[in-house]
Amino acid sequence: MSLWLTILAMGAITFLLRASFVLPGERLRLPPLFRRALRFVPVAVLTALIVPMALAPSGTLDFSWRNPWLAGMLAALLIACATRRTLLAMLLSFAVYSLWRWGPQFF
Amino acid sequence: MTEAASLRAGVLAMLPLMLGVLPFGLIFGTLAISSGLTPWQGMGMSALVFAGSAQFIALSLLAAGTSIPVLLATTLVINLRHVLYSATVQPGVAHWPRRWRWLLSFMLTDELFAVFSVRLQHEGGSEAMRWYLLGNGLAMYGTWLLATLAGIVLGQQIPDLSQWGLEFAMVATFAAIVGTQLHDRAMLAAALAAGAAALLLRGMPYKLDLILAALAGIVAGLLAENSTTARVVEAKP
């Protein structure tokens with residue numbers, strides 16, 4: 001029983017954090033500087049999530065050109081930046097990752 | 001777009017990330033059982049908490065016999081980044097009816113934020129965006145529940161997905177989304193600062209490295225924007 005209460009409390013905490021700004025709705029007016037800062041949140045958070053995954057896939061830094069995570073991430077970034085086409089960038093990035101990861105055993 | 005078309009677009013946009021969370025849901029289901037949860041409790045955690053990293057850490061804390069207050073405090077700190085997500089989408093959805101804001105609040109995972117917030121910033125919070133959000137949310141929630149269920153039912157017999165490269169789906173998708181946003185110097189500065197900070201700070205407990213790196217990126221973006229604006233103003237007679 002107490003485990004169910006714990007699960008419920010975890011759910012409530014997570015919900016309240018996610019609802020913190022969204023639920024107050026129009027009663028909440030964000031100051032201009034704050035709004036300007038928000039423009040950068042998606043890029044900043046997503047980059048912060050993937051860079052350690054790509055540059056240290058097994059925990060230690062791996063800057064080598066043989067690192068498939070790094071090659072795949074750079075491919076996605078460059079193709080998306082040049083073409084503005086997300087889906088194309090993802091597919092080609094998967095292709096680069098696969099080639100780097102499984103290609104060497106065929107050559 | 002009709003409501004159905006927006007809903008479908010929302011589901012489709014989530015496809016690669018659905019592949020990406022599949023292995024994590026499977027592993028969570030398996031670990032929930034081996035950590036002593038009943039199948040219902042394992043499903044209940046995925047259905048009520050719906051936050052991958054917090055759920056994994058809860059399992060390891062429960063297995064280690066950590067006290068409940070510590071477990072809940074850990075949940076709070078690990079999920080603090082969601083406050084940043086909530087603030088980011090606020091201006092776009094403030095005028096939405098309450099039930100849609102409740103839905104968004106429940107569904108606001110890392111993956112949904114990645115896809116939804118960028119589109120919201122570009123297209124604004126139209127009515128079609130609500131159905132797009134519903135598509136995003138249903139796709140992610142459904143995948144998470146089904147993957148957890150599969151992990152619980154199949155247990156140790158689950159195929160080893162770790163060699164399939166599915167974890168790369170998250171990097172591919174997030175990098176592609178970031179790439180489309182790098183159209184001005186300030187955005188580039190934000191990305192470079194956030195990436196560098198995340199590398200330097202990696203391994204901090206409770207995902208604090210992620211929050212600090214995001215803040216570094218935001219500050220760098222604002223500073224770069226200010227210096228660009230200053231130069232434009234100076235150039236004007």
# chains A, B, ... in the order shown; residues from 1 in each chain; ligands from 1

call {"tool": "residues_around", "arguments": {"residues": "Pro68 of chain A", "least_positions_apart": "3", "cutoff": "9 Å", "atoms": "only C-alpha atoms", "output": "PDB file with all heavy atoms, in the first residue's frame"}}
result
ATOM      1  N   ALA A  54      26.855  11.900 -27.352  1.00  0.00           N
ATOM      2  CA  ALA A  54      27.596  11.704 -28.597  1.00  0.00           C
ATOM      3  C   ALA A  54      29.104  11.720 -28.378  1.00  0.00           C
ATOM      4  O   ALA A  54      29.831  10.974 -29.023  1.00  0.00           O
ATOM      5  CB  ALA A  54      27.207  12.784 -29.608  1.00  0.00           C
ATOM      6  N   TRP A  65      37.372  10.492 -34.886  1.00  0.00           N
ATOM      7  CA  TRP A  65      36.468  10.513 -36.028  1.00  0.00           C
ATOM      8  C   TRP A  65      35.808   9.154 -36.217  1.00  0.00           C
ATOM      9  O   TRP A  65      34.865   9.028 -36.978  1.00  0.00           O
ATOM     10  CB  TRP A  65      37.212  10.951 -37.292  1.00  0.00           C
ATOM     11  CG  TRP A  65      38.318  10.010 -37.669  1.00  0.00           C
ATOM     12  CD1 TRP A  65      39.601  10.039 -37.218  1.00  0.00           C
ATOM     13  CD2 TRP A  65      38.213   8.889 -38.544  1.00  0.00           C
ATOM     14  NE1 TRP A  65      40.310   9.002 -37.750  1.00  0.00           N
ATOM     15  CE2 TRP A  65      39.482   8.282 -38.576  1.00  0.00           C
ATOM     16  CE3 TRP A  65      37.183   8.328 -39.310  1.00  0.00           C
ATOM     17  CZ2 TRP A  65      39.744   7.136 -39.336  1.00  0.00           C
ATOM     18  CZ3 TRP A  65      37.451   7.194 -40.062  1.00  0.00           C
ATOM     19  CH2 TRP A  65      38.714   6.607 -40.074  1.00  0.00           C
ATOM     20  N   ALA A  71      29.837  11.160 -35.345  1.00  0.00           N
ATOM     21  CA  ALA A  71      29.637  11.322 -36.786  1.00  0.00           C
ATOM     22  C   ALA A  71      28.155  11.523 -37.093  1.00  0.00           C
ATOM     23  O   ALA A  71      27.776  12.393 -37.876  1.00  0.00           O
ATOM     24  CB  ALA A  71      30.191  10.109 -37.525  1.00  0.00           C
ATOM     25  N   GLY A  72      27.300  10.710 -36.441  1.00  0.00           N
ATOM     26  CA  GLY A  72      25.859  10.799 -36.683  1.00  0.00           C
ATOM     27  C   GLY A  72      25.290  12.129 -36.219  1.00  0.00           C
ATOM     28  O   GLY A  72      24.473  12.743 -36.910  1.00  0.00           O
ATOM     29  N   MET A  73      25.743  12.597 -35.056  1.00  0.00           N
ATOM     30  CA  MET A  73      25.217  13.864 -34.537  1.00  0.00           C
ATOM     31  C   MET A  73      25.629  15.028 -35.442  1.00  0.00           C
ATOM     32  O   MET A  73      24.804  15.876 -35.777  1.00  0.00           O
ATOM     33  CB  MET A  73      25.718  14.118 -33.112  1.00  0.00           C
ATOM     34  CG  MET A  73      25.214  15.448 -32.548  1.00  0.00           C
ATOM     35  SD  MET A  73      25.872  15.868 -30.922  1.00  0.00           S
ATOM     36  CE  MET A  73      27.534  16.367 -31.336  1.00  0.00           C
ATOM     37  N   VAL A  96      24.539   7.577 -41.561  1.00  0.00           N
ATOM     38  CA  VAL A  96      25.938   7.816 -41.207  1.00  0.00           C
ATOM     39  C   VAL A  96      26.316   7.008 -39.966  1.00  0.00           C
ATOM     40  O   VAL A  96      27.339   6.322 -39.921  1.00  0.00           O
ATOM     41  CB  VAL A  96      26.182   9.325 -40.962  1.00  0.00           C
ATOM     42  CG1 VAL A  96      27.528   9.563 -40.301  1.00  0.00           C
ATOM     43  CG2 VAL A  96      26.077  10.094 -42.268  1.00  0.00           C
ATOM     44  N   TYR A  97      25.432   7.047 -38.958  1.00  0.00           N
ATOM     45  CA  TYR A  97      25.693   6.298 -37.723  1.00  0.00           C
ATOM     46  C   TYR A  97      25.873   4.800 -38.023  1.00  0.00           C
ATOM     47  O   TYR A  97      26.819   4.166 -37.552  1.00  0.00           O
ATOM     48  CB  TYR A  97      24.526   6.514 -36.752  1.00  0.00           C
ATOM     49  CG  TYR A  97      24.566   5.650 -35.520  1.00  0.00           C
ATOM     50  CD1 TYR A  97      25.345   6.004 -34.421  1.00  0.00           C
ATOM     51  CD2 TYR A  97      23.824   4.467 -35.448  1.00  0.00           C
ATOM     52  CE1 TYR A  97      25.381   5.214 -33.289  1.00  0.00           C
ATOM     53  CE2 TYR A  97      23.859   3.672 -34.318  1.00  0.00           C
ATOM     54  CZ  TYR A  97      24.634   4.051 -33.238  1.00  0.00           C
ATOM     55  OH  TYR A  97      24.675   3.260 -32.135  1.00  0.00           O
ATOM     56  N   SER A  98      24.965   4.236 -38.840  1.00  0.00           N
ATOM     57  CA  SER A  98      25.023   2.807 -39.151  1.00  0.00           C
ATOM     58  C   SER A  98      26.294   2.460 -39.906  1.00  0.00           C
ATOM     59  O   SER A  98      26.952   1.452 -39.619  1.00  0.00           O
ATOM     60  CB  SER A  98      23.824   2.389 -39.996  1.00  0.00           C
ATOM     61  OG  SER A  98      22.639   2.830 -39.395  1.00  0.00           O
ATOM     62  N   LEU A  99      26.634   3.326 -40.871  1.00  0.00           N
ATOM     63  CA  LEU A  99      27.839   3.086 -41.671  1.00  0.00           C
ATOM     64  C   LEU A  99      29.075   3.079 -40.766  1.00  0.00           C
ATOM     65  O   LEU A  99      29.926   2.195 -40.859  1.00  0.00           O
ATOM     66  CB  LEU A  99      27.955   4.187 -42.725  1.00  0.00           C
ATOM     67  CG  LEU A  99      28.998   3.961 -43.803  1.00  0.00           C
ATOM     68  CD1 LEU A  99      28.569   2.812 -44.693  1.00  0.00           C
ATOM     69  CD2 LEU A  99      29.167   5.229 -44.647  1.00  0.00           C
ATOM     70  N   TRP A 100      29.155   4.064 -39.865  1.00  0.00           N
ATOM     71  CA  TRP A 100      30.307   4.168 -38.955  1.00  0.00           C
ATOM     72  C   TRP A 100      30.341   2.981 -37.991  1.00  0.00           C
ATOM     73  O   TRP A 100      31.382   2.467 -37.657  1.00  0.00           O
ATOM     74  CB  TRP A 100      30.221   5.467 -38.157  1.00  0.00           C
ATOM     75  CG  TRP A 100      31.196   6.518 -38.582  1.00  0.00           C
ATOM     76  CD1 TRP A 100      32.295   6.933 -37.885  1.00  0.00           C
ATOM     77  CD2 TRP A 100      31.164   7.294 -39.787  1.00  0.00           C
ATOM     78  NE1 TRP A 100      32.942   7.916 -38.577  1.00  0.00           N
ATOM     79  CE2 TRP A 100      32.285   8.163 -39.751  1.00  0.00           C
ATOM     80  CE3 TRP A 100      30.309   7.336 -40.894  1.00  0.00           C
ATOM     81  CZ2 TRP A 100      32.557   9.061 -40.770  1.00  0.00           C
ATOM     82  CZ3 TRP A 100      30.578   8.233 -41.898  1.00  0.00           C
ATOM     83  CH2 TRP A 100      31.684   9.069 -41.848  1.00  0.00           C
ATOM     84  N   ARG A 101      29.153   2.561 -37.549  1.00  0.00           N
ATOM     85  CA  ARG A 101      29.119   1.545 -36.509  1.00  0.00           C
ATOM     86  C   ARG A 101      29.305   0.131 -37.064  1.00  0.00           C
ATOM     87  O   ARG A 101      30.023  -0.678 -36.500  1.00  0.00           O
ATOM     88  CB  ARG A 101      27.782   1.631 -35.762  1.00  0.00           C
ATOM     89  CG  ARG A 101      27.668   0.558 -34.714  1.00  0.00           C
ATOM     90  CD  ARG A 101      26.729   0.892 -33.611  1.00  0.00           C
ATOM     91  NE  ARG A 101      26.611  -0.258 -32.732  1.00  0.00           N
ATOM     92  CZ  ARG A 101      25.730  -0.377 -31.777  1.00  0.00           C
ATOM     93  NH1 ARG A 101      24.880   0.595 -31.554  1.00  0.00           N
ATOM     94  NH2 ARG A 101      25.689  -1.456 -31.027  1.00  0.00           N
TER      95      ARG A 101
END

call {"tool": "residues_around", "arguments": {"residues": "Leu46 of chain A", "least_positions_apart": "2", "cutoff": "10 Å", "atoms": "only C-alpha atoms", "output": "ChimeraX atom specification"}}
result
/A:41-44,48-51 /B:110-111,113-114,170-171,173-175,177-178,191,194-195,210,214

call {"tool": "residues_around", "arguments": {"residues": "Asn136 of chain B", "least_positions_apart": "3", "cutoff": "9 Å", "atoms": "only C-alpha atoms", "output": "list in words"}}
result
Leu7, Arg8, Ala9, Gly10, Val11, Leu12, Ala13, Met14, Met107, Leu112, Val115, Phe116, Trp131, Tyr132, Leu133, Ala139, Met140 and Tyr141 of chain B

call {"tool": "write_last_selection", "arguments": {"atoms": "all heavy atoms", "output": "CSV table (one decimal), in the first residue's frame"}}
result
chain,number,residue,atom,x,y,z
B,7,LEU,N,-3.9,15.9,-35.6
B,7,LEU,CA,-3.6,14.8,-34.7
B,7,LEU,C,-2.6,13.8,-35.3
B,7,LEU,O,-1.6,13.4,-34.7
B,7,LEU,CB,-4.9,14.1,-34.3
B,7,LEU,CG,-4.9,13.0,-33.3
B,7,LEU,CD1,-5.0,13.6,-31.9
B,7,LEU,CD2,-6.0,12.0,-33.5
B,8,ARG,N,-2.9,13.5,-36.6
B,8,ARG,CA,-2.0,12.5,-37.3
B,8,ARG,C,-0.6,13.1,-37.4
B,8,ARG,O,0.4,12.4,-37.2
B,8,ARG,CB,-2.6,12.2,-38.7
B,8,ARG,CG,-2.2,10.9,-39.2
B,8,ARG,CD,-3.2,10.4,-40.3
B,8,ARG,NE,-3.6,11.5,-41.2
B,8,ARG,CZ,-4.9,11.7,-41.4
B,8,ARG,NH1,-5.9,11.0,-40.9
B,8,ARG,NH2,-5.3,12.7,-42.2
B,9,ALA,N,-0.5,14.4,-37.8
B,9,ALA,CA,0.8,15.0,-37.9
B,9,ALA,C,1.5,14.9,-36.6
B,9,ALA,O,2.8,14.7,-36.5
B,9,ALA,CB,0.7,16.5,-38.3
B,10,GLY,N,0.8,15.1,-35.5
B,10,GLY,CA,1.4,15.0,-34.2
B,10,GLY,C,2.0,13.7,-33.9
B,10,GLY,O,3.1,13.5,-33.3
B,11,VAL,N,1.2,12.6,-34.2
B,11,VAL,CA,1.7,11.3,-34.0
B,11,VAL,C,2.9,11.0,-34.9
B,11,VAL,O,4.0,10.5,-34.4
B,11,VAL,CB,0.6,10.2,-34.3
B,11,VAL,CG1,1.2,8.8,-34.3
B,11,VAL,CG2,-0.6,10.4,-33.4
B,12,LEU,N,2.9,11.4,-36.2
B,12,LEU,CA,4.0,11.1,-37.1
B,12,LEU,C,5.3,11.8,-36.7
B,12,LEU,O,6.3,11.2,-36.7
B,12,LEU,CB,3.6,11.6,-38.5
B,12,LEU,CG,2.6,10.7,-39.3
B,12,LEU,CD1,2.3,11.3,-40.6
B,12,LEU,CD2,3.2,9.3,-39.4
B,13,ALA,N,5.1,13.0,-36.1
B,13,ALA,CA,6.3,13.7,-35.7
B,13,ALA,C,7.0,13.0,-34.6
B,13,ALA,O,8.2,13.2,-34.4
B,13,ALA,CB,6.0,15.2,-35.3
B,14,MET,N,6.3,12.2,-33.9
B,14,MET,CA,6.9,11.5,-32.7
B,14,MET,C,7.5,10.2,-33.0
B,14,MET,O,8.2,9.6,-32.2
B,14,MET,CB,5.7,11.3,-31.7
B,14,MET,CG,5.9,11.7,-30.3
B,14,MET,SD,6.5,13.4,-30.1
B,14,MET,CE,7.3,13.2,-28.6
B,107,MET,N,1.6,15.7,-20.1
B,107,MET,CA,2.3,15.0,-21.2
B,107,MET,C,3.7,15.6,-21.4
B,107,MET,O,4.5,15.1,-22.3
B,107,MET,CB,1.5,15.2,-22.5
B,107,MET,CG,0.2,14.5,-22.5
B,107,MET,SD,0.4,12.8,-22.6
B,107,MET,CE,-1.3,12.2,-22.8
B,112,LEU,N,8.4,15.1,-25.8
B,112,LEU,CA,7.3,15.9,-26.2
B,112,LEU,C,7.8,17.4,-26.3
B,112,LEU,O,7.5,18.1,-27.3
B,112,LEU,CB,6.1,15.8,-25.3
B,112,LEU,CG,4.9,16.5,-25.9
B,112,LEU,CD1,3.6,15.6,-25.9
B,112,LEU,CD2,4.6,17.8,-25.1
B,115,VAL,N,9.8,18.2,-29.6
B,115,VAL,CA,9.0,18.3,-30.8
B,115,VAL,C,8.0,19.5,-30.7
B,115,VAL,O,7.9,20.3,-31.6
B,115,VAL,CB,8.3,17.0,-31.1
B,115,VAL,CG1,7.3,17.1,-32.2
B,115,VAL,CG2,9.3,15.9,-31.4
B,116,PHE,N,7.3,19.6,-29.6
B,116,PHE,CA,6.2,20.5,-29.5
B,116,PHE,C,6.6,21.9,-29.3
B,116,PHE,O,6.1,22.8,-30.0
B,116,PHE,CB,5.3,20.1,-28.3
B,116,PHE,CG,4.1,21.0,-28.0
B,116,PHE,CD1,3.1,21.0,-28.9
B,116,PHE,CD2,4.2,21.8,-26.9
B,116,PHE,CE1,2.0,21.9,-28.7
B,116,PHE,CE2,3.1,22.7,-26.7
B,116,PHE,CZ,2.0,22.7,-27.5
B,131,TRP,N,-4.5,19.9,-31.2
B,131,TRP,CA,-4.7,18.5,-31.7
B,131,TRP,C,-3.3,17.9,-32.0
B,131,TRP,O,-3.1,16.7,-31.9
B,131,TRP,CB,-5.6,18.5,-32.9
B,131,TRP,CG,-7.0,18.9,-32.4
B,131,TRP,CD1,-7.5,20.1,-32.4
B,131,TRP,CD2,-8.0,18.0,-31.8
B,131,TRP,NE1,-8.8,20.1,-31.9
B,131,TRP,CE2,-9.1,18.9,-31.5
B,131,TRP,CE3,-8.0,16.7,-31.5
B,131,TRP,CZ2,-10.2,18.4,-30.8
B,131,TRP,CZ3,-9.1,16.2,-30.9
B,131,TRP,CH2,-10.2,17.0,-30.5
B,132,TYR,N,-2.4,18.7,-32.5
B,132,TYR,CA,-1.0,18.3,-32.8
B,132,TYR,C,-0.4,17.8,-31.4
B,132,TYR,O,0.2,16.7,-31.4
B,132,TYR,CB,-0.2,19.5,-33.3
B,132,TYR,CG,1.2,19.1,-33.7
B,132,TYR,CD1,1.5,18.5,-34.9
B,132,TYR,CD2,2.2,19.4,-32.8
B,132,TYR,CE1,2.8,18.2,-35.2
B,132,TYR,CE2,3.5,19.1,-33.2
B,132,TYR,CZ,3.8,18.5,-34.4
B,132,TYR,OH,5.1,18.2,-34.7
B,133,LEU,N,-0.6,18.6,-30.4
B,133,LEU,CA,-0.1,18.2,-29.1
B,133,LEU,C,-0.7,16.9,-28.6
B,133,LEU,O,0.0,16.0,-28.1
B,133,LEU,CB,-0.5,19.3,-28.0
B,133,LEU,CG,-0.4,18.8,-26.6
B,133,LEU,CD1,1.1,18.7,-26.1
B,133,LEU,CD2,-1.2,19.7,-25.6
B,139,ALA,N,1.0,9.4,-28.7
B,139,ALA,CA,2.0,8.6,-29.3
B,139,ALA,C,3.0,8.2,-28.2
B,139,ALA,O,3.4,7.1,-28.1
B,139,ALA,CB,2.7,9.3,-30.4
B,140,MET,N,3.5,9.2,-27.5
B,140,MET,CA,4.5,9.0,-26.5
B,140,MET,C,4.0,8.2,-25.3
B,140,MET,O,4.7,7.2,-24.8
B,140,MET,CB,5.0,10.4,-26.0
B,140,MET,CG,6.5,10.4,-25.6
B,140,MET,SD,7.4,9.9,-27.0
B,140,MET,CE,8.8,9.2,-26.2
B,141,TYR,N,2.8,8.6,-24.8
B,141,TYR,CA,2.3,7.9,-23.6
B,141,TYR,C,2.0,6.4,-24.0
B,141,TYR,O,2.3,5.5,-23.2
B,141,TYR,CB,1.0,8.6,-23.2
B,141,TYR,CG,0.5,8.2,-21.8
B,141,TYR,CD1,1.3,8.2,-20.7
B,141,TYR,CD2,-0.9,7.9,-21.6
B,141,TYR,CE1,0.8,7.9,-19.4
B,141,TYR,CE2,-1.4,7.6,-20.4
B,141,TYR,CZ,-0.5,7.6,-19.3
B,141,TYR,OH,-1.0,7.3,-18.0

call {"tool": "atom_distance", "arguments": {"atom1": "atom CA of Leu62 of chain B", "atom2": "atom CA of Leu22 of chain B"}}
result
23.3 Å

call {"tool": "select_by_dssp", "arguments": {"residues": "chain A", "states": "helix (DSSP H, G or I)", "output": "PyMOL selection string"}}
result
chain A and resi 2-19+25-27+32-38+41-55+68-83+86-106

call {"tool": "atom_distance", "arguments": {"atom1": "atom CA of Ala172 of chain B", "atom2": "atom CA of Ala89 of chain A"}}
result
7.9 Å

call {"tool": "closest_residue", "arguments": {"among": "B:Gly155, B:Gly142, B:Pro97, B:Pro91", "to": "Leu28 of chain A", "atoms": "only C-alpha atoms"}}
result
B:Pro91

call {"tool": "closest_residue", "arguments": {"among": "B:Leu134, B:Phe24, B:Leu145, B:Leu120", "to": "Glu167 of chain B", "atoms": "only C-alpha atoms"}}
result
B:Phe24

call {"tool": "residues_around", "arguments": {"residues": "Ile211 of chain B", "least_positions_apart": "5", "cutoff": "10 Å", "atoms": "only C-alpha atoms", "output": "list in words"}}
result
Ala44, Val45, Ala48 and Leu49 of chain A; Ile78, Asn79, Leu80, Arg81, His82, Leu84, Ala194, Ala198, Tyr206, Ala216 and Gly217 of chain B

call {"tool": "write_last_selection", "arguments": {"atoms": "N, CA and C atoms", "output": "PDB file, in the first residue's frame"}}
result
ATOM      1  N   ALA A  44      19.154  25.057 -26.177  1.00  0.00           N
ATOM      2  CA  ALA A  44      20.106  24.843 -25.091  1.00  0.00           C
ATOM      3  C   ALA A  44      19.895  23.473 -24.426  1.00  0.00           C
ATOM      4  N   VAL A  45      18.643  23.135 -24.122  1.00  0.00           N
ATOM      5  CA  VAL A  45      18.378  21.863 -23.427  1.00  0.00           C
ATOM      6  C   VAL A  45      18.711  20.669 -24.325  1.00  0.00           C
ATOM      7  N   ALA A  48      22.377  20.234 -24.697  1.00  0.00           N
ATOM      8  CA  ALA A  48      22.965  19.732 -23.455  1.00  0.00           C
ATOM      9  C   ALA A  48      22.654  18.250 -23.245  1.00  0.00           C
ATOM     10  N   LEU A  49      21.532  17.791 -23.781  1.00  0.00           N
ATOM     11  CA  LEU A  49      21.193  16.366 -23.649  1.00  0.00           C
ATOM     12  C   LEU A  49      22.053  15.505 -24.564  1.00  0.00           C
TER      13      LEU A  49
ATOM     14  N   ILE B  78      15.373  15.700  -9.767  1.00  0.00           N
ATOM     15  CA  ILE B  78      15.617  15.165 -11.110  1.00  0.00           C
ATOM     16  C   ILE B  78      14.654  15.776 -12.123  1.00  0.00           C
ATOM     17  N   ASN B  79      13.434  16.065 -11.696  1.00  0.00           N
ATOM     18  CA  ASN B  79      12.446  16.580 -12.643  1.00  0.00           C
ATOM     19  C   ASN B  79      12.365  18.103 -12.685  1.00  0.00           C
ATOM     20  N   LEU B  80      13.283  18.770 -11.980  1.00  0.00           N
ATOM     21  CA  LEU B  80      13.270  20.245 -11.970  1.00  0.00           C
ATOM     22  C   LEU B  80      13.312  20.839 -13.375  1.00  0.00           C
ATOM     23  N   ARG B  81      13.994  20.151 -14.313  1.00  0.00           N
ATOM     24  CA  ARG B  81      14.119  20.704 -15.671  1.00  0.00           C
ATOM     25  C   ARG B  81      12.763  20.926 -16.305  1.00  0.00           C
ATOM     26  N   HIS B  82      11.733  20.184 -15.820  1.00  0.00           N
ATOM     27  CA  HIS B  82      10.409  20.346 -16.417  1.00  0.00           C
ATOM     28  C   HIS B  82       9.804  21.728 -16.142  1.00  0.00           C
ATOM     29  N   LEU B  84      11.489  24.450 -16.423  1.00  0.00           N
ATOM     30  CA  LEU B  84      12.003  25.211 -17.564  1.00  0.00           C
ATOM     31  C   LEU B  84      11.152  24.950 -18.813  1.00  0.00           C
ATOM     32  N   ALA B 194      25.894  25.632 -24.293  1.00  0.00           N
ATOM     33  CA  ALA B 194      25.196  24.539 -23.605  1.00  0.00           C
ATOM     34  C   ALA B 194      25.936  23.214 -23.810  1.00  0.00           C
ATOM     35  N   ALA B 198      27.710  21.141 -20.845  1.00  0.00           N
ATOM     36  CA  ALA B 198      27.217  19.788 -20.561  1.00  0.00           C
ATOM     37  C   ALA B 198      28.375  18.791 -20.535  1.00  0.00           C
ATOM     38  N   TYR B 206      21.714  13.884  -9.991  1.00  0.00           N
ATOM     39  CA  TYR B 206      20.351  14.422 -10.126  1.00  0.00           C
ATOM     40  C   TYR B 206      20.135  15.222 -11.395  1.00  0.00           C
ATOM     41  N   ALA B 216      23.535  27.947 -18.923  1.00  0.00           N
ATOM     42  CA  ALA B 216      24.707  28.534 -19.587  1.00  0.00           C
ATOM     43  C   ALA B 216      24.366  28.870 -21.034  1.00  0.00           C
ATOM     44  N   GLY B 217      23.644  27.972 -21.698  1.00  0.00           N
ATOM     45  CA  GLY B 217      23.255  28.212 -23.088  1.00  0.00           C
ATOM     46  C   GLY B 217      22.338  29.416 -23.222  1.00  0.00           C
TER      47      GLY B 217
END

call {"tool": "closest_residue", "arguments": {"among": "B:Leu71, B:Pro23, B:Gly179, B:Gly36", "to": "Gly165 of chain B", "atoms": "only C-alpha atoms"}}
result
B:Pro23

call {"tool": "atom_distance", "arguments": {"atom1": "atom CA of Leu33 of chain A", "atom2": "atom CA of Gly221 of chain B"}}
result
12.1 Å

call {"tool": "residues_around", "arguments": {"residues": "Leu55 of chain A", "least_positions_apart": "5", "cutoff": "9 Å", "atoms": "only C-alpha atoms", "output": "list in words"}}
result
Ile50, Thr60, Leu61, Asp62, Phe63, Ser64, Asn67, Trp69 and Leu70 of chain A; Leu199 of chain B

call {"tool": "residues_around", "arguments": {"residues": "Ser20 of chain A", "least_positions_apart": "3", "cutoff": "8 Å", "atoms": "only C-alpha atoms", "output": "JSON, numbers by chain"}}
result
{"A": [16, 17, 23, 24], "B": [83, 86, 87]}

call {"tool": "write_last_selection", "arguments": {"atoms": "N, CA, C and O atoms", "output": "PDB file, in the first residue's frame"}}
result
ATOM      1  N   LEU A  16       3.152  18.575 -10.894  1.00  0.00           N
ATOM      2  CA  LEU A  16       3.194  19.967 -10.438  1.00  0.00           C
ATOM      3  C   LEU A  16       4.362  20.733 -11.063  1.00  0.00           C
ATOM      4  O   LEU A  16       4.227  21.908 -11.427  1.00  0.00           O
ATOM      5  N   LEU A  17       5.508  20.052 -11.231  1.00  0.00           N
ATOM      6  CA  LEU A  17       6.649  20.724 -11.860  1.00  0.00           C
ATOM      7  C   LEU A  17       6.321  21.072 -13.313  1.00  0.00           C
ATOM      8  O   LEU A  17       6.610  22.162 -13.787  1.00  0.00           O
ATOM      9  N   LEU A  23      -0.302  25.809 -16.028  1.00  0.00           N
ATOM     10  CA  LEU A  23      -1.653  25.844 -15.457  1.00  0.00           C
ATOM     11  C   LEU A  23      -2.153  27.243 -15.075  1.00  0.00           C
ATOM     12  O   LEU A  23      -3.335  27.517 -15.223  1.00  0.00           O
ATOM     13  N   PRO A  24      -1.299  28.153 -14.563  1.00  0.00           N
ATOM     14  CA  PRO A  24      -1.824  29.486 -14.229  1.00  0.00           C
ATOM     15  C   PRO A  24      -2.397  30.235 -15.436  1.00  0.00           C
ATOM     16  O   PRO A  24      -3.164  31.175 -15.257  1.00  0.00           O
TER      17      PRO A  24
ATOM     18  N   VAL B  83      10.287  22.405 -15.077  1.00  0.00           N
ATOM     19  CA  VAL B  83       9.830  23.773 -14.814  1.00  0.00           C
ATOM     20  C   VAL B  83      10.267  24.683 -15.961  1.00  0.00           C
ATOM     21  O   VAL B  83       9.512  25.539 -16.429  1.00  0.00           O
ATOM     22  N   SER B  86       8.012  24.023 -18.834  1.00  0.00           N
ATOM     23  CA  SER B  86       6.703  24.614 -18.577  1.00  0.00           C
ATOM     24  C   SER B  86       6.727  26.110 -18.887  1.00  0.00           C
ATOM     25  O   SER B  86       5.824  26.636 -19.544  1.00  0.00           O
ATOM     26  N   ALA B  87       7.795  26.784 -18.437  1.00  0.00           N
ATOM     27  CA  ALA B  87       7.916  28.224 -18.691  1.00  0.00           C
ATOM     28  C   ALA B  87       8.050  28.496 -20.187  1.00  0.00           C
ATOM     29  O   ALA B  87       7.479  29.458 -20.710  1.00  0.00           O
TER      30      ALA B  87
END

call {"tool": "residues_around", "arguments": {"residues": "Phe34 of chain A", "least_positions_apart": "4", "cutoff": "12 Å", "atoms": "only C-alpha atoms", "output": "ChimeraX atom specification"}}
result
/A:29-30,38-41 /B:84,87-88,90-91,218-219,222

call {"tool": "closest_residue", "arguments": {"among": "B:Met18, B:Leu208, B:Ala64, B:Leu72", "to": "chain A", "atoms": "only C-alpha atoms"}}
result
B:Leu72

call {"tool": "closest_residue", "arguments": {"among": "B:Ser6, B:Ser34, B:Thr148, B:Ser105", "to": "chain A", "atoms": "only C-alpha atoms"}}
result
B:Ser105

call {"tool": "closest_residue", "arguments": {"among": "B:Gly92, B:Val153, B:Trp102, B:Leu26", "to": "Ala19 of chain A", "atoms": "only C-alpha atoms"}}
result
B:Trp102
